[in-house]
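Have a look at target-v3.txt; it's compact mmCIF, C-alpha atoms:
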# COMPACT_ATOMS: atom_id res chain seq x y z
CA MET D 1 30.48 -27.97 114.67
CA GLU D 2 27.63 -29.56 116.63
CA LEU D 3 27.92 -26.66 119.09
CA ALA D 4 27.57 -24.10 116.28
CA ILE D 5 24.55 -25.92 114.85
CA SER D 6 22.96 -26.08 118.32
CA VAL D 7 23.41 -22.31 118.79
CA ILE D 8 21.87 -21.64 115.35
CA VAL D 9 18.95 -23.99 116.09
CA ILE D 10 18.25 -22.17 119.39
CA PHE D 11 18.32 -18.90 117.42
CA MET D 12 15.83 -20.37 114.93
CA ILE D 13 13.48 -21.48 117.73
CA LEU D 14 13.59 -17.98 119.26
CA GLY D 15 12.78 -16.45 115.86
CA ALA D 16 9.86 -18.84 115.35
CA ILE D 17 8.44 -18.10 118.82
CA TYR D 18 8.74 -14.36 118.21
CA ALA D 19 7.06 -14.76 114.79
CA ILE D 20 4.04 -16.38 116.49
CA HIS D 21 3.66 -13.79 119.24
CA ALA D 22 4.53 -10.53 117.46
CA SER D 23 1.70 -8.00 117.35
CA ASP D 24 3.07 -6.41 114.17
CA ILE D 25 2.78 -8.81 111.21
CA LEU D 26 5.67 -7.19 109.31
CA SER D 27 8.09 -7.98 112.15
CA ALA D 28 6.60 -11.48 112.35
CA VAL D 29 7.40 -12.02 108.64
CA ILE D 30 10.96 -10.78 109.14
CA ALA D 31 11.37 -13.02 112.21
CA GLY D 32 10.23 -15.89 110.00
CA GLY D 33 13.06 -14.88 107.67
CA ILE D 34 15.51 -15.48 110.54
CA VAL D 35 14.49 -19.15 110.52
CA GLY D 36 15.10 -19.49 106.77
CA TYR D 37 18.46 -17.73 106.68
CA SER D 38 19.72 -19.63 109.75
CA LEU D 39 18.80 -22.82 107.90
CA VAL D 40 21.09 -21.65 105.07
CA ILE D 41 24.02 -21.40 107.52
CA CYS D 42 23.14 -24.87 108.87
CA PHE D 43 23.24 -26.32 105.34
CA LEU D 44 26.61 -24.67 104.68
CA LEU D 45 28.04 -26.06 107.94
CA LEU D 46 26.76 -29.54 107.04
CA LYS D 47 28.54 -29.25 103.63
CA ALA D 48 25.42 -29.12 101.45
CA PRO D 49 25.99 -26.12 99.12
CA ASP D 50 23.34 -27.30 96.63
CA LEU D 51 20.60 -27.08 99.24
CA ALA D 52 22.01 -23.79 100.57
CA ILE D 53 21.76 -22.10 97.13
CA VAL D 54 18.14 -23.23 96.66
CA GLN D 55 17.20 -22.29 100.23
CA ILE D 56 18.71 -18.77 100.12
CA VAL D 57 17.05 -17.89 96.76
CA VAL D 58 13.65 -19.33 97.65
CA GLU D 59 13.76 -17.66 101.09
CA THR D 60 14.53 -14.26 99.54
CA ILE D 61 11.73 -14.49 96.96
CA THR D 62 9.22 -15.72 99.57
CA LEU D 63 10.21 -12.92 101.95
CA ILE D 64 9.79 -10.28 99.21
CA ILE D 65 6.33 -11.60 98.28
CA MET D 66 5.26 -11.82 101.95
CA VAL D 67 6.48 -8.26 102.69
CA ALA D 68 4.61 -6.99 99.61
CA VAL D 69 1.42 -8.75 100.76
CA VAL D 70 1.74 -7.38 104.33
CA LEU D 71 2.40 -3.82 103.15
CA ASP D 72 -0.70 -4.00 100.95
CA SER D 73 -3.03 -5.33 103.67
CA SER D 74 -3.16 -4.74 107.42
CA ARG D 75 -0.12 -4.87 109.73
CA LYS D 76 -2.15 -5.59 112.87
CA GLU D 77 -2.51 -9.08 114.30
CA ALA D 78 -6.11 -10.23 114.84
CA TYR D 79 -6.26 -11.97 118.25
CA GLY D 80 -9.04 -14.41 119.08
CA LYS D 81 -10.33 -14.75 122.64
CA PHE D 82 -9.00 -17.52 124.88
CA ASP D 83 -12.05 -19.56 125.95
CA THR D 84 -12.66 -23.19 127.04
CA GLN D 85 -12.28 -24.57 123.53
CA ALA D 86 -8.85 -22.98 123.20
CA TRP D 87 -7.75 -24.53 126.52
CA VAL D 88 -8.90 -27.99 125.33
CA THR D 89 -7.01 -27.52 122.03
CA ALA D 90 -3.82 -26.45 123.82
CA ALA D 91 -3.98 -29.39 126.27
CA THR D 92 -4.50 -31.85 123.39
CA ALA D 93 -1.53 -30.38 121.54
CA VAL D 94 0.75 -30.74 124.58
CA VAL D 95 -0.30 -34.39 125.16
CA ILE D 96 0.21 -35.33 121.48
CA LEU D 97 3.61 -33.56 121.45
CA ALA D 98 4.72 -35.53 124.53
CA ILE D 99 3.62 -38.85 122.98
CA LEU D 100 5.35 -38.05 119.65
CA PHE D 101 8.55 -37.02 121.45
CA TRP D 102 8.59 -40.29 123.42
CA PHE D 103 8.16 -42.33 120.22
CA LEU D 104 10.95 -40.30 118.52
CA LYS D 105 13.28 -41.02 121.45
CA GLU D 106 12.45 -44.75 121.38
CA ALA D 107 12.84 -44.97 117.59
CA SER D 108 16.12 -43.05 117.34
CA ALA D 109 17.86 -44.94 120.17
CA PRO D 110 19.18 -47.89 118.06
CA LEU D 111 20.35 -45.67 115.17
CA ALA D 112 24.00 -44.91 114.41
CA PRO D 113 25.44 -41.53 115.57
CA PHE D 114 24.65 -38.45 113.51
CA GLY D 115 26.53 -38.31 110.20
CA GLU D 116 27.41 -42.02 109.91
CA ASN D 117 25.48 -43.97 107.31
CA THR D 118 24.13 -47.41 108.00
CA MET D 119 22.77 -48.15 104.53
CA ARG D 120 24.72 -50.23 102.02
CA MET D 121 23.00 -48.31 99.19
CA ALA D 122 24.79 -45.07 100.17
CA ASP D 123 28.24 -46.62 99.65
CA ALA D 124 27.32 -47.75 96.14
CA TYR D 125 26.01 -44.28 95.29
CA VAL D 126 29.01 -42.39 96.68
CA ASN D 127 31.71 -44.62 95.16
CA GLY D 128 30.21 -45.52 91.77
CA ALA D 129 28.29 -42.41 90.73
CA VAL D 130 31.01 -40.79 88.60
CA ASP D 131 31.57 -43.94 86.56
CA LYS D 132 27.91 -44.77 86.15
CA THR D 133 26.47 -41.31 85.40
CA GLY D 134 29.50 -39.35 84.14
CA SER D 135 28.51 -36.42 86.35
CA VAL D 136 31.14 -34.93 88.68
CA ASN D 137 28.47 -33.36 90.89
CA LEU D 138 27.17 -36.29 92.92
CA VAL D 139 23.89 -34.58 93.85
CA THR D 140 22.89 -34.07 90.20
CA GLY D 141 23.91 -37.64 89.43
CA VAL D 142 21.59 -38.97 92.12
CA LEU D 143 18.75 -36.51 91.38
CA PHE D 144 18.52 -37.00 87.64
CA ASP D 145 19.91 -40.48 87.06
CA PHE D 146 19.43 -42.83 90.02
CA ARG D 147 16.32 -41.02 91.26
CA GLY D 148 14.81 -39.75 88.00
CA TYR D 149 11.29 -40.68 89.11
CA ASP D 150 11.59 -38.46 92.19
CA THR D 151 12.63 -35.46 90.09
CA LEU D 152 9.73 -36.06 87.71
CA GLY D 153 7.45 -36.09 90.75
CA GLU D 154 8.88 -32.81 92.05
CA ALA D 155 8.40 -31.13 88.66
CA THR D 156 4.83 -32.45 88.51
CA VAL D 157 4.17 -31.03 91.99
CA LEU D 158 5.27 -27.59 90.72
CA VAL D 159 2.97 -27.83 87.68
CA THR D 160 0.07 -28.86 89.92
CA ALA D 161 0.76 -25.94 92.28
CA VAL D 162 0.69 -23.50 89.36
CA LEU D 163 -2.58 -25.02 88.09
CA GLY D 164 -4.10 -24.61 91.56
CA VAL D 165 -2.97 -20.98 91.86
CA LEU D 166 -4.29 -20.12 88.40
CA THR D 167 -7.62 -21.82 89.17
CA ILE D 168 -8.15 -20.06 92.50
CA LEU D 169 -6.93 -16.58 91.46
CA ARG D 170 -9.26 -16.07 88.51
CA ILE D 171 -12.07 -13.57 88.71
CA ARG D 172 -13.53 -13.53 85.24
CA GLY D 173 -14.05 -16.77 83.32
CA LYS D 174 -12.63 -17.20 79.84
CA LYS D 175 -15.12 -16.60 77.05
CA MET J 1 1.22 -1.85 91.13
CA LYS J 2 3.33 1.29 90.82
CA GLY J 3 7.03 1.34 90.03
CA MET J 4 9.75 2.53 92.39
CA THR J 5 12.12 5.51 92.30
CA VAL J 6 14.70 6.31 89.61
CA ILE J 7 17.56 4.97 91.75
CA VAL J 8 15.93 1.55 92.10
CA LYS J 9 15.07 1.47 88.38
CA LYS J 10 18.62 2.30 87.31
CA THR J 11 20.20 -0.23 89.71
CA THR J 12 17.79 -2.91 88.52
CA GLN J 13 18.67 -2.12 84.92
CA LEU J 14 22.33 -2.74 85.71
CA ILE J 15 21.88 -5.85 87.86
CA ALA J 16 18.98 -7.86 86.34
CA GLY J 17 20.92 -9.03 83.30
CA ILE J 18 23.83 -10.23 85.42
CA ILE J 19 21.48 -12.18 87.71
CA PHE J 20 19.84 -13.76 84.63
CA LEU J 21 23.24 -14.81 83.25
CA TYR J 22 24.27 -16.21 86.65
CA GLY J 23 21.10 -18.34 86.71
CA ILE J 24 21.88 -19.70 83.25
CA TYR J 25 25.45 -20.45 84.38
CA ILE J 26 24.15 -22.37 87.41
CA ILE J 27 21.77 -24.38 85.19
CA LEU J 28 24.36 -25.23 82.51
CA HIS J 29 27.06 -26.22 85.03
CA GLY J 30 24.62 -28.27 87.13
CA HIS J 31 26.51 -31.52 86.54
CA LEU J 32 29.90 -29.97 87.42
CA THR J 33 29.41 -27.53 90.32
CA PRO J 34 26.83 -27.19 93.12
CA GLY J 35 23.46 -26.08 91.87
CA GLY J 36 21.38 -27.36 88.99
CA GLY J 37 17.99 -26.97 87.40
CA PHE J 38 16.06 -26.13 90.55
CA ALA J 39 18.46 -23.51 91.98
CA GLY J 40 19.22 -21.87 88.61
CA GLY J 41 15.54 -21.77 87.64
CA VAL J 42 14.66 -19.90 90.82
CA ILE J 43 17.51 -17.40 90.20
CA VAL J 44 16.28 -16.76 86.62
CA ALA J 45 12.74 -16.22 87.92
CA GLY J 46 14.18 -13.86 90.54
CA SER J 47 15.65 -11.56 87.88
CA PHE J 48 12.22 -11.24 86.21
CA ILE J 49 10.52 -10.62 89.57
CA LEU J 50 13.10 -7.89 90.32
CA LEU J 51 12.28 -6.15 87.02
CA ILE J 52 8.52 -6.32 87.59
CA LEU J 53 8.80 -5.05 91.19
CA ALA J 54 11.04 -2.14 90.17
CA TYR J 55 9.22 -0.97 87.05
CA GLY J 56 5.63 -1.68 88.09
CA SER J 57 2.95 -3.38 86.08
CA ASP J 58 2.39 -0.61 83.51
CA PHE J 59 5.80 -1.27 81.98
CA LEU J 60 5.10 -4.81 80.84
CA ASN J 61 1.92 -6.30 79.48
CA LEU J 62 1.51 -8.76 82.32
CA VAL J 63 -1.40 -10.84 80.98
CA LYS J 64 0.47 -11.58 77.76
CA GLU J 65 3.57 -12.34 79.84
CA GLU J 66 1.64 -14.81 81.97
CA ARG J 67 0.26 -16.60 78.91
CA GLY J 68 3.82 -17.05 77.62
CA SER J 69 5.23 -18.30 80.93
CA THR J 70 2.38 -20.82 81.32
CA MET J 71 3.09 -22.15 77.82
CA TYR J 72 6.83 -22.49 78.49
CA GLU J 73 6.17 -24.28 81.76
CA ASN J 74 3.88 -26.88 80.20
CA LEU J 75 6.16 -27.42 77.19
CA ALA J 76 9.21 -27.87 79.44
CA ILE J 77 7.60 -30.57 81.59
CA LEU J 78 6.38 -32.36 78.42
CA VAL J 79 9.90 -32.33 76.94
CA PHE J 80 11.31 -33.59 80.28
CA LEU J 81 8.83 -36.49 80.23
CA PHE J 82 9.62 -37.18 76.57
CA LEU J 83 13.38 -37.30 77.29
CA GLY J 84 12.65 -39.84 80.01
CA LEU J 85 10.58 -41.88 77.56
CA THR J 86 13.37 -41.98 74.96
CA GLY J 87 15.30 -44.18 77.37
CA MET J 88 12.39 -46.62 77.13
CA ILE J 89 12.35 -46.61 73.31
CA ALA J 90 16.01 -46.34 72.30
CA GLY J 91 17.97 -47.44 75.34
CA ALA J 92 17.87 -50.55 77.46
CA GLY J 93 14.12 -50.34 77.93
CA ILE J 94 14.36 -48.50 81.26
CA PHE J 95 12.46 -45.31 82.08
CA PHE J 96 15.00 -42.44 82.58
CA ALA J 97 17.87 -44.55 81.16
CA ASN J 98 20.97 -42.44 80.46
CA TRP J 99 21.78 -43.94 77.05
CA LEU J 100 23.75 -41.08 75.46
CA PRO J 101 27.59 -41.42 75.57
CA HIS J 102 28.95 -40.12 78.88
CA GLY J 103 32.12 -38.44 77.62
CA THR J 104 34.97 -37.41 79.90
CA PRO J 105 33.76 -36.51 83.42
CA GLY J 106 34.44 -32.87 84.23
CA GLU J 107 33.83 -31.37 80.78
CA LEU J 108 30.87 -29.12 79.98
CA VAL J 109 29.39 -31.49 77.39
CA SER J 110 29.43 -34.76 79.27
CA ALA J 111 27.24 -36.98 81.47
CA GLY J 112 24.81 -37.87 78.66
CA PHE J 113 21.26 -36.74 79.43
CA LEU J 114 21.94 -34.91 82.72
CA PRO J 115 22.60 -31.41 81.23
CA LEU J 116 19.44 -31.70 79.10
CA TYR J 117 17.37 -32.68 82.13
CA ASN J 118 18.91 -29.74 84.02
CA ILE J 119 18.04 -27.26 81.24
CA PHE J 120 14.40 -28.33 80.95
CA VAL J 121 13.84 -28.55 84.71
CA GLY J 122 15.37 -25.07 84.96
CA ILE J 123 12.94 -23.68 82.35
CA GLU J 124 10.06 -25.40 84.13
CA VAL J 125 10.94 -24.06 87.61
CA ALA J 126 11.61 -20.51 86.35
CA ALA J 127 8.35 -20.37 84.38
CA SER J 128 6.23 -21.80 87.20
CA ILE J 129 7.55 -19.42 89.87
CA LEU J 130 7.13 -16.47 87.48
CA THR J 131 3.58 -17.65 86.68
CA ILE J 132 2.63 -17.79 90.37
CA PHE J 133 4.03 -14.27 90.95
CA LEU J 134 2.27 -12.88 87.85
CA ALA J 135 -1.01 -14.53 88.88
CA LEU J 136 -0.83 -12.77 92.26
CA VAL J 137 -0.05 -9.37 90.65
CA ILE J 138 -2.80 -9.70 88.01
CA PHE J 139 -5.31 -10.76 90.69
CA LYS J 140 -4.55 -7.61 92.69
CA GLU J 141 -4.90 -5.36 89.60
CA GLU J 142 -8.26 -6.94 88.76
CA VAL J 143 -9.54 -6.54 92.33
CA LEU J 144 -8.53 -2.85 92.33
CA LYS J 145 -10.32 -2.21 89.06
Could you render the structure from this file as structure tokens?
Amino acid sequence: MELAISVIVIFMILGAIYAIHASDILSAVIAGGIVGYSLVICFLLLKAPDLAIVQIVVETITLIIMVAVVLDSSRKEAYGKFDTQAWVTAATAVVILAILFWFLKEASAPLAPFGENTMRMADAYVNGAVDKTGSVNLVTGVLFDFRGYDTLGEATVLVTAVLGVLTILRIRGKK
Amino acid sequence: MKGMTVIVKKTTQLIAGIIFLYGIYIILHGHLTPGGGFAGGVIVAGSFILLILAYGSDFLNLVKEERGSTMYENLAILVFLFLGLTGMIAGAGIFFANWLPHGTPGELVSAGFLPLYNIFVGIEVAASILTIFLALVIFKEEVLK
């Protein structure tokens, strides 16, 4: 299974690199779709169907909206010129990436292998959720009962996003 | 925005209702099967977006539609917050306490407050995604005018 996930991740990286360098924006958007749909397969392999449903629907709607936007505007990529400032930016990015990667390697060395939990909290959630919440689906039990605050925060984020969109995309003021 | 061809319109007519029902099924069975308020809400919004894309913006009065979806979104989040507050008033004095009787696990009406939370989060997610889409469409129509 780790081999399959590695192959899919390599596929995702290729799609992301192509999306950056494509000269046609429509093909860049579709290459971005490769990343999203490969993530769906990853979620299914890791036995997370809840996340896979959300990811596949959101990816489809986002892709439709992006394709509609691209078809309405230009399909050509606007390239900037590569001067000294761009070189400095690229060098800084490479240095920061190297430092972050080193810290990630140092921090993840003492952790348990992938897929094994080290937290005592997880055992209590997995074993006692059906009795405590009455919900057979463990994910809903955690989302709406144990972690109700988090769900309230997510819903509030959505409301705030809608408020922002409605504020920005208004041409005429209300009388 | 113009509508699409007759083939697309007819197919949408056949499919949109089934997608809407599937979204409601996902929301209502959130505490039994994979899915829940977030996934089902996005599917419900998807059926509306399909209709608007196929029939174009002359078919529906989009500004009125947007006013309605904004209202539903705000009401749903208020009801969600109020359901959380009832745990504070009636239950053990804990925010988001699940004080309704749990029933037998595995039945449709069980798990106390969780199906209610799922329903209102589903309404909220569906209305907010539809509002964002409608805002983009209305913005384009107003720019073209």
Which residue, D:Gly164, D:Gly134, D:Gly128, D:Gly32, has the smallest gap to chain J when you use all atoms listed in the file?
D:Gly134
Chain D contacts on chain J, all atoms listed in the file, 9 Å, as a PyMOL selection string:
chain J and resi 30-36+38-40+42-43+46+49+70+73-74+77+80-81+84+95-98+102-106+110-114+117-118+121+124-125+128-129+131-133+135-136+138-139+142-143
For Gly122 in chain J, the nearest of the candidates J:Lys140, J:Lys145, J:His29, J:Lys9, counting all atoms listed in the file:
J:His29
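The coordinates place CA of Tyr37 in chain D at 18.6 Å from CA of Ile25 in chain D.
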What is the CA of Glu66 in chain J to CA of Phe20 in chain J distance in Å?
18.4 Å
